[in-house]
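Raw model-v8.pdb, PDB, C-alpha atoms, pLDDT in the B column:
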MODEL        1
ATOM      1  CA  MET P 193     -39.429 -45.382-190.058  1.00 84.00           C
ATOM      2  CA  ALA P 194     -40.248 -47.811-187.281  1.00 88.00           C
ATOM      3  CA  GLN P 195     -43.542 -49.604-186.840  1.00 91.00           C
ATOM      4  CA  LEU P 196     -45.470 -50.185-183.630  1.00 90.00           C
ATOM      5  CA  THR P 197     -48.078 -52.794-182.878  1.00 91.00           C
ATOM      6  CA  VAL P 198     -50.421 -52.183-179.985  1.00 92.00           C
ATOM      7  CA  ARG P 199     -52.246 -55.224-178.650  1.00 94.00           C
ATOM      8  CA  ASN P 200     -55.044 -55.696-176.132  1.00 96.00           C
ATOM      9  CA  VAL P 201     -56.633 -52.290-176.648  1.00 94.00           C
ATOM     10  CA  LYS P 202     -60.208 -52.036-175.397  1.00 95.00           C
ATOM     11  CA  GLU P 203     -62.804 -51.653-178.124  1.00 95.00           C
ATOM     12  CA  GLU P 204     -64.071 -48.408-176.575  1.00 95.00           C
ATOM     13  CA  ILE P 205     -60.595 -46.866-176.965  1.00 95.00           C
ATOM     14  CA  VAL P 206     -60.371 -47.960-180.593  1.00 95.00           C
ATOM     15  CA  ARG P 207     -63.828 -46.533-181.221  1.00 95.00           C
ATOM     16  CA  ALA P 208     -62.872 -43.233-179.557  1.00 95.00           C
ATOM     17  CA  LEU P 209     -59.685 -43.080-181.625  1.00 95.00           C
ATOM     18  CA  LYS P 210     -61.635 -43.598-184.846  1.00 95.00           C
ATOM     19  CA  GLN P 211     -64.187 -40.941-183.867  1.00 95.00           C
ATOM     20  CA  ARG P 212     -61.469 -38.452-182.964  1.00 93.00           C
ATOM     21  CA  ALA P 213     -59.648 -39.160-186.226  1.00 94.00           C
ATOM     22  CA  ALA P 214     -62.811 -38.705-188.268  1.00 94.00           C
ATOM     23  CA  ALA P 215     -63.556 -35.404-186.537  1.00 93.00           C
ATOM     24  CA  ARG P 216     -60.110 -34.175-187.574  1.00 92.00           C
ATOM     25  CA  GLY P 217     -60.253 -35.577-191.094  1.00 94.00           C
ATOM     26  CA  ARG P 218     -57.480 -38.095-190.478  1.00 94.00           C
ATOM     27  CA  SER P 219     -57.126 -41.836-190.602  1.00 95.00           C
ATOM     28  CA  ALA P 220     -57.066 -43.643-187.275  1.00 95.00           C
ATOM     29  CA  GLU P 221     -53.404 -44.453-187.899  1.00 94.00           C
ATOM     30  CA  ALA P 222     -52.531 -40.798-188.546  1.00 94.00           C
ATOM     31  CA  GLU P 223     -54.428 -39.753-185.436  1.00 94.00           C
ATOM     32  CA  HIS P 224     -52.620 -42.403-183.403  1.00 94.00           C
ATOM     33  CA  ARG P 225     -49.271 -41.049-184.631  1.00 92.00           C
ATOM     34  CA  GLU P 226     -50.339 -37.517-183.741  1.00 90.00           C
ATOM     35  CA  ILE P 227     -51.423 -38.535-180.231  1.00 90.00           C
ATOM     36  CA  LEU P 228     -48.086 -40.260-179.640  1.00 90.00           C
ATOM     37  CA  ARG P 229     -46.113 -37.327-181.038  1.00 85.00           C
ATOM     38  CA  THR P 230     -48.024 -34.814-178.930  1.00 81.00           C
ATOM     39  CA  ALA P 231     -47.721 -36.891-175.757  1.00 82.00           C
ATOM     40  CA  LEU P 232     -44.025 -37.588-176.160  1.00 81.00           C
ATOM     41  CA  LEU P 233     -42.758 -34.359-177.659  1.00 76.00           C
ATOM     42  CA  ASP P 234     -44.855 -31.947-175.607  1.00 66.00           C
ATOM     43  CA  GLY P 235     -43.425 -28.471-175.320  1.00 61.00           C
ATOM     44  CA  LYS P 236     -42.252 -28.202-178.906  1.00 64.00           C
ATOM     45  CA  VAL P 237     -43.287 -25.198-181.011  1.00 61.00           C
ATOM     46  CA  GLU P 238     -45.139 -27.529-183.377  1.00 67.00           C
ATOM     47  CA  ASP P 239     -47.394 -28.640-180.534  1.00 68.00           C
ATOM     48  CA  PHE P 240     -48.783 -25.152-180.124  1.00 76.00           C
ATOM     49  CA  ALA P 241     -49.798 -25.017-183.779  1.00 78.00           C
ATOM     50  CA  ILE P 242     -51.409 -28.444-183.567  1.00 80.00           C
ATOM     51  CA  ARG P 243     -53.267 -27.608-180.344  1.00 80.00           C
ATOM     52  CA  ALA P 244     -54.403 -24.301-181.853  1.00 82.00           C
ATOM     53  CA  GLU P 245     -55.718 -26.091-184.949  1.00 83.00           C
ATOM     54  CA  ALA P 246     -57.523 -28.658-182.795  1.00 84.00           C
ATOM     55  CA  LEU P 247     -59.138 -25.830-180.822  1.00 85.00           C
ATOM     56  CA  ARG P 248     -60.184 -24.066-184.040  1.00 82.00           C
ATOM     57  CA  MET P 249     -61.763 -27.293-185.252  1.00 82.00           C
ATOM     58  CA  ARG P 250     -63.643 -27.816-181.975  1.00 82.00           C
ATOM     59  CA  LEU P 251     -64.925 -24.251-181.945  1.00 83.00           C
ATOM     60  CA  HIS P 252     -65.848 -24.148-185.635  1.00 76.00           C
ATOM     61  CA  SER P 253     -69.465 -23.138-185.964  1.00 70.00           C
ATOM     62  CA  THR P 254     -71.778 -23.962-188.835  1.00 72.00           C
ATOM     63  CA  VAL P 255     -73.810 -20.835-188.083  1.00 72.00           C
ATOM     64  CA  ASP P 256     -73.415 -18.062-190.641  1.00 75.00           C
ATOM     65  CA  SER P 257     -73.203 -14.997-188.417  1.00 80.00           C
ATOM     66  CA  SER P 258     -73.751 -12.672-191.376  1.00 84.00           C
ATOM     67  CA  GLU P 259     -77.374 -13.852-191.567  1.00 82.00           C
ATOM     68  CA  ILE P 260     -77.906 -13.032-187.900  1.00 84.00           C
ATOM     69  CA  ILE P 261     -76.304  -9.609-188.316  1.00 86.00           C
ATOM     70  CA  ARG P 262     -78.463  -8.825-191.384  1.00 87.00           C
ATOM     71  CA  ALA P 263     -81.638  -9.878-189.589  1.00 86.00           C
ATOM     72  CA  ASP P 264     -80.737  -7.715-186.602  1.00 87.00           C
ATOM     73  CA  ARG P 265     -79.885  -4.760-188.837  1.00 88.00           C
ATOM     74  CA  ASP P 266     -83.113  -5.136-190.815  1.00 86.00           C
ATOM     75  CA  ARG P 267     -85.111  -5.324-187.587  1.00 84.00           C
ATOM     76  CA  ASP P 268     -83.500  -2.083-186.387  1.00 76.00           C
ATOM     77  CA  ASN P 269     -84.253  -0.354-189.714  1.00 75.00           C
ATOM     78  CA  LEU P 270     -87.946  -1.164-189.402  1.00 72.00           C
ATOM     79  CA  ALA P 271     -88.236   0.366-185.935  1.00 62.00           C
TER      80      ALA P 271
ENDMDL
END

Same coordinates, now as structure tokens:
Amino acid sequence: MAQLTVRNVKEEIVRALKQRAAARGRSAEAEHREILRTALLDGKVEDFAIRAEALRMRLHSTVDSSEIIRADRDRDNLA
């Protein structure tokens, strides 16, 4: 495989790349590869799966809805 070197990248872009990578559980290098692949090979079937996974990750909630449902059910049973 080929290697790329990117020079003169603003620190804020590097920081954003690292944050985005961490949010997706990837290294900055892996995230960089994914960004390039997505940008350059847009329209491929794989892109849909990757975009869908990214959306699932963004929408992932730490709230356990079963607790809310139980509390609501218990409240209704007391009435």

| task | Choose the residue, out of P:Arg265, P:Arg225, P:Arg212, P:Arg218, that has the smallest atom-to-atom separation from P:Ala194; count only C-alpha atoms. | result |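 For P:Ala194, the nearest of the given residues is P:Arg225.
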
| task | Work out how far apart atom CA of P:Ala215 and atom CA of P:Ala246 are and give it in Å to one decimal. | result | 9.8 Å

| field | Spatial neighbours of stretch 247-252 of chain P, max dist 10 Å, only C-alpha atoms, sep filter under 4 positions, as a ChimeraX atom specification | value | /P:215-216,241-243

| Cut-off 12 Å around (-56.5, -43.1, -183.2) with only C-alpha atoms: residues as a PyMOL selection string | chain P and resi 198+201+203-228

| task | Kindly give the distance, in Å, that separates atom CA of P:Thr230 and atom CA of P:Ala244, rounded to a single decimal. | result |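 Distance between the two atoms: 12.6 Å.
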
| field | Atom pair atom CA of P:Phe240 / atom CA of P:Ser253: separation (Å) | value |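 Interatomic distance here is 21.6 Å.
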
Give the centre and edge lengths of an axis-aligned box, in Å to one decimal, that holds all listed atoms of stretch 258-262 of chain P with 8 Å on each side, as JSON.
{"center_x": -76.1, "center_y": -11.3, "center_z": -189.7, "size_x": 20.7, "size_y": 21.0, "size_z": 19.7}
